[in-house]
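Chemist: Following this message is one structure expressed as structure tokens.
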Amino acid sequence: MAKKSGNRRDQLTTGQKRKISRLRKDLVRWYQVHGRDLPWRRDAAKEYEKICVEVLLQRTRAEVVATIYTSFFQRYPTWNSLAGSEISELEEVLRPLGLWRRRAQSIKSLATYAAEHDGVFPSVESELRGVPAVGQYVGNAILMFQHGQARPLVDVNMARVLERFVRPRRLADIRHDPWLQAAGQWLVQAGDPCEVNWAVLDFAALVCRARQPTCLECPVKARCKQGAGVISGRVGET
DNA sequence: AACGCGGGGCA
DNA sequence: TGCCCAGCGTT
């Protein structure tokens, strides 16, 4: 019989689990001091906004999304208003974010689904796959924000942190790398899943950046392959 | 597995 | 100029 469980190289070792658990603790601590105050994270933000904004955030800097956040949700305050919107108008509103044609279609079809289902999305991953514009990331966001499940927002940010701190991924596509997904899941397994996710995202955006990470001010540099260079004075890029 | 989508910020 | 940004659907 074909073995259906994943390759052993795709499983987390106990050492990796321990390392990731400590990372979670340290990043949450860092977040409580340095975390970003973004509008869709506030208590005032409706569940609709929290889910909808995930589409706005795709391949787009959070700071840019923040600049249109208020006007966007003033113009489209509900799933219904978005579902009934004019696609050309939606495109104009989304233009400053980039990816505006695709994004307008995605967000409207997502809204149409939501409007037809009273704003309730499936609570099972397999069924979520059938929802338009919902992939690995948005699916997990829905499971977390709407259904209270502990799910990792495994985007380019979380992937980069896990890869630098623990181990590089094996597959090019983040969505399909079993180890990466398992590592993300372990990361948000304890504590407040929302807070942990936001901690990782902010840490990745502000410290563990793609280009010129500021390892000198990194709270976990002592246990990081990259950060170890800083301690011995080798990474000091200018 | 690789590609297109896309405007804007930054070095 | 080239790289990168809270991804996804298609080929």
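Going by the structure tokens order, chains are called A, B, ..., each with residues numbered from 1, while ligands are numbered from 1 in the order shown.
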When DSSP works through the backbone of this structure, what residues of chain A end up as helix (DSSP H, G or I), shown as an MDAnalysis selection string?
Modeler: chainID A and resid 8:10 14:34 39:41 47:56 62:75 79:83 87:97 100:116 125:128 136:145 156:165 174:176 178:187 193:206 215:217 221:223 225:231
Chemist: Near chain B, which residues of chain A fall within 9 Å when you count only C-alpha atoms (C1' of nucleotides), and what do they look like as a list of chain:residue names?
Modeler: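 Interface list for chain A against chain B: A:Val64, A:Arg95, A:Pro96, A:Leu97, A:Gly98, A:Leu99, A:Trp100, A:Arg101, A:Arg102, A:Arg103, A:Ala172, A:Asp173.
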Chemist: Within 8 Å of chain A, which residues of chain C show up when using only C-alpha atoms (C1' of nucleotides), listed as a list of chain:residue names?
Modeler: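 Residues passing the distance filter: C:DC4, C:DC5, C:DA6, C:DG7, C:DC8.
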Chemist: Please save N, CA, C and O atoms (P, O5', C5', C4', C3', O3' and C1' of nucleotides) of the selected residues as a PDB file, in the first residue's frame.
Modeler:
```
ATOM      1  P    DC C   4      14.085  39.913  -3.408  1.00  0.00           P
ATOM      2  O5'  DC C   4      12.793  40.496  -2.700  1.00  0.00           O
ATOM      3  C5'  DC C   4      12.945  41.432  -1.635  1.00  0.00           C
ATOM      4  C4'  DC C   4      11.616  42.093  -1.382  1.00  0.00           C
ATOM      5  C3'  DC C   4      10.453  41.125  -1.237  1.00  0.00           C
ATOM      6  O3'  DC C   4       9.991  41.157   0.107  1.00  0.00           O
ATOM      7  C1'  DC C   4       9.898  43.039  -2.563  1.00  0.00           C
ATOM      8  P    DC C   5       8.937  40.028   0.554  1.00  0.00           P
ATOM      9  O5'  DC C   5       7.630  40.946   0.696  1.00  0.00           O
ATOM     10  C5'  DC C   5       7.650  42.075   1.574  1.00  0.00           C
ATOM     11  C4'  DC C   5       6.423  42.911   1.322  1.00  0.00           C
ATOM     12  C3'  DC C   5       5.116  42.155   1.489  1.00  0.00           C
ATOM     13  O3'  DC C   5       4.226  42.908   2.300  1.00  0.00           O
ATOM     14  C1'  DC C   5       5.182  43.237  -0.611  1.00  0.00           C
ATOM     15  P    DA C   6       4.146  42.546   3.854  1.00  0.00           P
ATOM     16  O5'  DA C   6       3.209  41.277   3.745  1.00  0.00           O
ATOM     17  C5'  DA C   6       2.100  41.100   4.432  1.00  0.00           C
ATOM     18  C4'  DA C   6       1.585  39.680   4.173  1.00  0.00           C
ATOM     19  C3'  DA C   6       0.505  39.665   3.088  1.00  0.00           C
ATOM     20  O3'  DA C   6       0.385  38.345   2.591  1.00  0.00           O
ATOM     21  C1'  DA C   6      -0.438  39.282   5.193  1.00  0.00           C
ATOM     22  P    DG C   7       1.055  37.880   1.184  1.00  0.00           P
ATOM     23  O5'  DG C   7      -0.193  37.249   0.377  1.00  0.00           O
ATOM     24  C5'  DG C   7      -0.556  35.886   0.626  1.00  0.00           C
ATOM     25  C4'  DG C   7      -1.827  35.617  -0.156  1.00  0.00           C
ATOM     26  C3'  DG C   7      -2.164  34.137  -0.251  1.00  0.00           C
ATOM     27  O3'  DG C   7      -3.583  34.030  -0.277  1.00  0.00           O
ATOM     28  C1'  DG C   7      -1.596  34.969  -2.399  1.00  0.00           C
ATOM     29  P    DC C   8      -4.300  32.622  -0.407  1.00  0.00           P
ATOM     30  O5'  DC C   8      -4.684  32.578  -1.945  1.00  0.00           O
ATOM     31  C5'  DC C   8      -5.545  33.583  -2.475  1.00  0.00           C
ATOM     32  C4'  DC C   8      -5.691  33.394  -3.961  1.00  0.00           C
ATOM     33  C3'  DC C   8      -6.004  31.955  -4.354  1.00  0.00           C
ATOM     34  O3'  DC C   8      -7.325  31.883  -4.862  1.00  0.00           O
ATOM     35  C1'  DC C   8      -4.295  32.932  -5.732  1.00  0.00           C
TER      36       DC C   8
END
```
Chemist: Could you give me, as a ChimeraX atom specification, the residues within 10 Å of Arg29 (chain A), counting only C-alpha atoms (C1' of nucleotides) and dropping anything in the same chain fewer than 5 positions from it?
Modeler: /A:23-24,34-35,196,199,219
Chemist: Would you save the residues of that selection, restricted to all heavy atoms, as a PDB file, in the first residue's frame?
Modeler:
```
ATOM      1  N   LEU A  23      10.557  30.344  20.317  1.00  0.00           N
ATOM      2  CA  LEU A  23      10.435  31.466  19.394  1.00  0.00           C
ATOM      3  C   LEU A  23       9.103  32.187  19.598  1.00  0.00           C
ATOM      4  O   LEU A  23       9.037  33.414  19.635  1.00  0.00           O
ATOM      5  CB  LEU A  23      10.538  30.962  17.954  1.00  0.00           C
ATOM      6  CG  LEU A  23      10.332  32.001  16.851  1.00  0.00           C
ATOM      7  CD1 LEU A  23      11.482  33.007  16.827  1.00  0.00           C
ATOM      8  CD2 LEU A  23      10.193  31.344  15.481  1.00  0.00           C
ATOM      9  N   ARG A  24       8.051  31.407  19.727  1.00  0.00           N
ATOM     10  CA  ARG A  24       6.715  31.979  19.938  1.00  0.00           C
ATOM     11  C   ARG A  24       6.694  32.865  21.170  1.00  0.00           C
ATOM     12  O   ARG A  24       6.222  33.992  21.140  1.00  0.00           O
ATOM     13  CB  ARG A  24       5.696  30.851  20.086  1.00  0.00           C
ATOM     14  CG  ARG A  24       4.338  31.344  20.601  1.00  0.00           C
ATOM     15  CD  ARG A  24       3.349  30.210  20.693  1.00  0.00           C
ATOM     16  NE  ARG A  24       3.797  29.154  21.535  1.00  0.00           N
ATOM     17  CZ  ARG A  24       3.935  27.887  21.185  1.00  0.00           C
ATOM     18  NH1 ARG A  24       3.636  27.500  19.973  1.00  0.00           N
ATOM     19  NH2 ARG A  24       4.362  26.996  22.042  1.00  0.00           N
ATOM     20  N   HIS A  34       6.623  46.217  20.531  1.00  0.00           N
ATOM     21  CA  HIS A  34       6.912  46.805  19.224  1.00  0.00           C
ATOM     22  C   HIS A  34       5.852  46.563  18.158  1.00  0.00           C
ATOM     23  O   HIS A  34       6.017  46.991  17.024  1.00  0.00           O
ATOM     24  CB  HIS A  34       8.246  46.257  18.709  1.00  0.00           C
ATOM     25  CG  HIS A  34       9.414  46.572  19.578  1.00  0.00           C
ATOM     26  ND1 HIS A  34       9.938  45.667  20.483  1.00  0.00           N
ATOM     27  CD2 HIS A  34      10.155  47.690  19.709  1.00  0.00           C
ATOM     28  CE1 HIS A  34      10.959  46.224  21.111  1.00  0.00           C
ATOM     29  NE2 HIS A  34      11.113  47.455  20.663  1.00  0.00           N
ATOM     30  N   GLY A  35       4.778  45.854  18.489  1.00  0.00           N
ATOM     31  CA  GLY A  35       3.764  45.491  17.503  1.00  0.00           C
ATOM     32  C   GLY A  35       3.137  46.704  16.824  1.00  0.00           C
ATOM     33  O   GLY A  35       3.070  47.783  17.402  1.00  0.00           O
ATOM     34  N   VAL A 196      -0.157  35.568  18.275  1.00  0.00           N
ATOM     35  CA  VAL A 196       1.061  34.922  17.788  1.00  0.00           C
ATOM     36  C   VAL A 196       1.267  35.221  16.308  1.00  0.00           C
ATOM     37  O   VAL A 196       2.357  35.581  15.869  1.00  0.00           O
ATOM     38  CB  VAL A 196       1.013  33.398  18.024  1.00  0.00           C
ATOM     39  CG1 VAL A 196       2.231  32.724  17.406  1.00  0.00           C
ATOM     40  CG2 VAL A 196       0.924  33.095  19.510  1.00  0.00           C
ATOM     41  N   ALA A 199       2.297  38.760  15.865  1.00  0.00           N
ATOM     42  CA  ALA A 199       3.665  38.938  16.356  1.00  0.00           C
ATOM     43  C   ALA A 199       4.675  38.529  15.288  1.00  0.00           C
ATOM     44  O   ALA A 199       5.632  39.238  15.012  1.00  0.00           O
ATOM     45  CB  ALA A 199       3.871  38.123  17.632  1.00  0.00           C
ATOM     46  N   PRO A 219      15.502  39.872  18.914  1.00  0.00           N
ATOM     47  CA  PRO A 219      15.416  39.253  20.240  1.00  0.00           C
ATOM     48  C   PRO A 219      15.816  37.775  20.260  1.00  0.00           C
ATOM     49  O   PRO A 219      16.019  37.226  21.329  1.00  0.00           O
ATOM     50  CB  PRO A 219      13.934  39.406  20.610  1.00  0.00           C
ATOM     51  CG  PRO A 219      13.226  39.509  19.302  1.00  0.00           C
ATOM     52  CD  PRO A 219      14.176  40.199  18.369  1.00  0.00           C
TER      53      PRO A 219
END
```
